[in-house]
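Text of data37.txt, listed as compact mmCIF, C-alpha atoms:
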# COMPACT_ATOMS: atom_id res chain seq x y z
CA MET Y 1 -5.68 102.41 46.83
CA LYS Y 2 -3.94 100.17 49.38
CA ASN Y 3 -0.54 100.87 50.92
CA GLU Y 4 1.24 98.97 53.69
CA MET Y 5 4.35 99.25 55.86
CA LYS Y 6 5.84 97.16 58.63
CA MET Y 7 8.68 97.90 61.03
CA GLU Y 8 10.30 96.36 64.07
CA PHE Y 9 12.18 98.18 66.80
CA ASP Y 10 13.52 97.57 70.30
CA ALA Y 11 11.03 97.85 73.16
CA ALA Y 12 12.76 100.96 74.47
CA ALA Y 13 11.15 104.19 75.66
CA GLU Y 14 13.13 106.27 73.17
CA ASN Y 15 11.44 104.44 70.26
CA GLU Y 16 7.94 105.55 71.23
CA GLY Y 17 8.43 108.94 69.54
CA PHE Y 18 9.89 107.26 66.47
CA ALA Y 19 6.81 105.04 66.12
CA ARG Y 20 4.46 108.04 66.52
CA VAL Y 21 6.19 110.02 63.81
CA ALA Y 22 6.49 107.01 61.47
CA ALA Y 23 2.73 106.32 61.66
CA ALA Y 24 1.88 109.98 61.09
CA ALA Y 25 4.31 110.24 58.17
CA PHE Y 26 2.90 107.07 56.60
CA VAL Y 27 -0.62 108.52 56.50
CA THR Y 28 0.51 111.96 55.22
CA PRO Y 29 -0.39 111.24 51.55
CA LEU Y 30 -4.05 111.08 52.64
CA ASP Y 31 -3.81 114.66 53.91
CA PRO Y 32 -5.20 114.03 57.40
CA THR Y 33 -6.42 116.95 59.47
CA LEU Y 34 -4.20 118.09 62.34
CA GLU Y 35 -6.70 116.50 64.72
CA GLU Y 36 -6.60 113.16 62.87
CA ALA Y 37 -2.79 113.17 62.85
CA ALA Y 38 -2.70 113.98 66.57
CA ASP Y 39 -5.22 111.20 67.31
CA ILE Y 40 -3.11 108.67 65.39
CA LYS Y 41 0.10 109.74 67.12
CA THR Y 42 -1.53 109.58 70.55
CA ALA Y 43 -2.99 106.10 69.97
CA VAL Y 44 0.32 104.76 68.64
CA SER Y 45 2.15 106.34 71.56
CA GLU Y 46 -0.14 104.62 74.06
CA ALA Y 47 0.09 101.21 72.37
CA VAL Y 48 3.89 101.32 72.05
CA THR Y 49 4.31 102.61 75.59
CA ASN Y 50 2.18 99.73 76.88
CA ALA Y 51 4.43 97.26 75.05
CA VAL Y 52 7.61 98.92 76.31
CA ILE Y 53 6.46 99.07 79.94
CA HIS Y 54 4.36 95.93 80.36
CA ALA Y 55 5.45 93.30 77.82
CA TYR Y 56 8.97 92.58 79.02
CA PRO Y 57 9.33 93.00 82.80
CA ASP Y 58 12.21 91.01 84.25
CA TRP Y 59 12.99 89.74 80.73
CA PRO Y 60 16.35 87.96 80.39
CA ALA Y 61 18.95 90.36 79.00
CA ASP Y 62 19.99 87.88 76.30
CA GLN Y 63 16.48 87.64 74.81
CA PRO Y 64 15.17 90.23 72.33
CA ARG Y 65 12.59 92.79 73.42
CA LYS Y 66 10.93 93.84 70.18
CA VAL Y 67 7.82 95.75 69.16
CA GLU Y 68 6.35 95.43 65.68
CA MET Y 69 4.21 98.07 64.02
CA LYS Y 70 2.23 97.50 60.86
CA CYS Y 71 0.22 100.23 59.16
CA VAL Y 72 -2.16 99.71 56.26
CA VAL Y 73 -4.07 102.36 54.38
CA ASP Y 74 -6.98 100.96 52.40
CA GLY Y 75 -8.91 103.74 50.74
CA ASP Y 76 -9.55 106.22 53.54
CA VAL Y 77 -9.16 103.75 56.44
CA LEU Y 78 -5.92 103.46 58.39
CA SER Y 79 -5.30 100.20 60.25
CA ILE Y 80 -2.49 100.01 62.79
CA GLU Y 81 -1.23 96.90 64.52
CA ILE Y 82 1.22 97.06 67.43
CA ALA Y 83 2.55 93.67 68.56
CA ASP Y 84 5.00 92.36 71.12
CA HIS Y 85 6.18 88.87 72.02
CA GLY Y 86 6.28 89.45 75.76
CA ILE Y 87 4.45 88.06 78.77
CA GLY Y 88 0.93 88.71 77.48
CA ILE Y 89 -2.09 90.00 79.36
CA PRO Y 90 -3.87 87.46 81.60
CA ASP Y 91 -7.19 89.38 81.61
CA VAL Y 92 -7.62 91.71 78.61
CA GLU Y 93 -11.08 92.85 79.70
CA LYS Y 94 -9.73 93.94 83.10
CA ALA Y 95 -6.67 95.58 81.54
CA MET Y 96 -8.93 97.68 79.30
CA GLU Y 97 -10.85 99.15 82.26
CA PRO Y 98 -10.06 102.85 82.72
CA LEU Y 99 -7.68 103.53 85.64
CA TYR Y 100 -6.60 99.88 85.90
CA SER Y 101 -2.82 99.54 86.05
CA THR Y 102 -0.44 96.74 86.92
CA CYS Y 103 2.23 99.39 87.60
CA PRO Y 104 0.70 102.07 89.85
CA ASP Y 105 4.08 102.38 91.61
CA LYS Y 106 5.60 103.57 88.31
CA ASP Y 107 3.19 106.51 88.09
CA ARG Y 108 1.03 104.87 85.39
CA SER Y 109 -2.53 106.17 85.06
CA GLY Y 110 -4.15 103.07 83.58
CA MET Y 111 -5.68 105.12 80.77
CA GLY Y 112 -3.74 103.75 77.78
CA PHE Y 113 -6.49 101.59 76.30
CA ALA Y 114 -9.12 104.24 77.10
CA PHE Y 115 -7.12 106.80 75.12
CA MET Y 116 -6.67 104.39 72.20
CA GLU Y 117 -10.43 103.79 72.20
CA ALA Y 118 -11.18 107.51 72.36
CA PHE Y 119 -8.82 108.55 69.56
CA MET Y 120 -9.43 105.68 67.12
CA ASP Y 121 -12.66 104.38 65.61
CA ASP Y 122 -12.06 100.73 66.41
CA LEU Y 123 -9.84 98.91 68.94
CA GLU Y 124 -9.19 95.19 69.40
CA VAL Y 125 -6.72 93.63 71.82
CA GLU Y 126 -5.64 90.02 71.50
CA SER Y 127 -3.24 88.51 74.01
CA ALA Y 128 -1.92 85.14 75.11
CA VAL Y 129 0.01 84.68 78.33
CA GLY Y 130 3.62 83.87 77.57
CA GLN Y 131 3.22 84.70 73.86
CA GLY Y 132 2.52 88.42 73.64
CA THR Y 133 -0.09 90.98 72.73
CA VAL Y 134 -1.47 92.48 69.53
CA VAL Y 135 -3.32 95.79 69.54
CA ARG Y 136 -5.33 96.52 66.37
CA MET Y 137 -6.74 99.98 65.75
CA LYS Y 138 -8.60 101.57 62.85
CA LYS Y 139 -9.37 105.15 61.95
CA LYS Y 140 -11.37 106.46 59.01
CA LEU Y 141 -9.86 109.63 57.67
CA GLY Y 142 -12.28 112.28 56.49
CA THR Y 143 -15.61 113.47 57.79
CA GLN Y 144 -17.45 110.19 58.35
CA PRO Y 145 -16.66 108.03 61.42
CA PHE Y 146 -15.50 104.48 60.79
CA LEU Y 147 -18.21 101.87 61.27
CA GLU Y 148 -17.72 98.10 61.19
CA GLU Y 149 -19.80 96.42 58.52
CA GLU Y 150 -22.42 94.19 60.06
CA GLU Y 151 -22.09 90.55 59.18
Here is the file; what I need is its structure written in the form of structure tokens.
Amino acid sequence: MKNEMKMEFDAAAENEGFARVAAAAFVTPLDPTLEEAADIKTAVSEAVTNAVIHAYPDWPADQPRKVEMKCVVDGDVLSIEIADHGIGIPDVEKAMEPLYSTCPDKDRSGMGFAFMEAFMDDLEVESAVGQGTVVRMKKKLGTQPFLEEEE
């Protein structure tokens, strides 16, 4: 069975909690464990927080600051995509290094991508400078870990 939802919201700190709860509620029909639900909420929180904090610095007030979230359940696999249309990440590989932060003065730990990787089974980050960033995550619900099929 496949089910899908998509939403868009302002890149505002107060919407991080909304996104967490929406993703967890969407997967509820699959009866995730408390640990799985917490993992999903944490990963979504990190991805949305990254978009809110990093995607739109010094953005003109008259231009929209939006974050899009798409969730798809296909069988027992949840796919989540968090996208922004902000400044993009010049060096994704560097940005994904634990403890790396472009905002250490804002008390950021630089662990966002590391947490997403730890709590989800698969993580991909695609970014283009001046166009935005897309974070794609997958989690298999149930007892078996998610594994990519080899091509």
Got a sec: who's within 6 Å of Leu78 (chain Y), counting only C-alpha atoms, leaving out chain neighbours fewer than 4 positions off, as a list of chain:residue names?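 Counting only C-alpha atoms, the residues come to Y:Val72, Y:Val73, Y:Lys138, Y:Lys139.
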Edge lengths and centre, in Å to one decimal, as lines of an AutoDock Vina configuration file: that's what I need for the box along x, y and z that holds all listed atoms of region 24-36 of chain Y plus 8 Å on each side.
center_x = -1.2
center_y = 112.6
center_z = 58.1
size_x = 27.0
size_y = 27.0
size_z = 29.2
Identify which of the residues Y:Gly130, Y:Pro32, Y:Gly17, Y:Gly86 lies closest to Trp59 (chain Y), counting all atoms listed in the file when measuring atom-to-atom distances.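 Result for the nearest residue to Trp59 (chain Y): Y:Gly86.
Across the model, the gap from CA of Ser127 (chain Y) to CA of Ala38 (chain Y) is 26.5 Å.
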Rounded to one decimal place, report the CA of Ala114 (chain Y)-CA of Thr49 (chain Y) distance in Å.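 Between CA of Ala114 (chain Y) and CA of Thr49 (chain Y) the gap is 13.6 Å.
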So which residues touch region 54-58 of chain Y within 9 Å, counting all atoms listed in the file, skipping near sequence neighbours fewer than 3 positions away, as a VMD selection string? chain Y and resid 11 49 to 51 61 65 84 to 89 102 to 103 132 to 133
9 Å contact set for Thr33 (chain Y), all atoms listed in the file, chain neighbours under 4 positions out, as a compact mmCIF listing (two decimals) with C-alpha atoms, in the frame of the given file:
# COMPACT_ATOMS: atom_id res chain seq x y z
CA ALA Y 37 -2.79 113.17 62.85
CA ALA Y 38 -2.70 113.98 66.57
CA LEU Y 141 -9.86 109.63 57.67
CA GLY Y 142 -12.28 112.28 56.49
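The interatomic distance for the pair CA of Gly75 (chain Y) and CA of Met1 (chain Y) works out to 5.2 Å.
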Neighbour list for Asp74 (chain Y) as a list in words, cut-off 9 Å, all atoms listed in the file, skip fewer than 6 positions in-chain: Met1, Lys2, Asn3 and Glu4 of chain Y
Which residue of Y:Ala19, Y:Ile40, Y:Ala25, Y:Val67 approaches Met137 (chain Y) most closely, using all atoms listed in the file: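 Nearest to Met137 (chain Y): Y:Ile40.
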Do a neighbour search on Lys41 (chain Y) at 8 Å with all atoms listed in the file, toss out local chain neighbours closer than 5 positions, and write the hits as a list in words.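 Everything that qualifies: Arg20, Val21, Ala23 and Ala24 of chain Y.
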Pick from Y:Leu34, Y:Val27, Y:Ala118, Y:Val52: nearest to Lys66 (chain Y), with all atoms listed in the file counted? Y:Val52
Restricting the calculation to only C-alpha atoms, which member of Y:Ile53, Y:Ala22, Y:Ala83, Y:Met69 is positioned closest to Ala128 (chain Y)? Y:Ala83
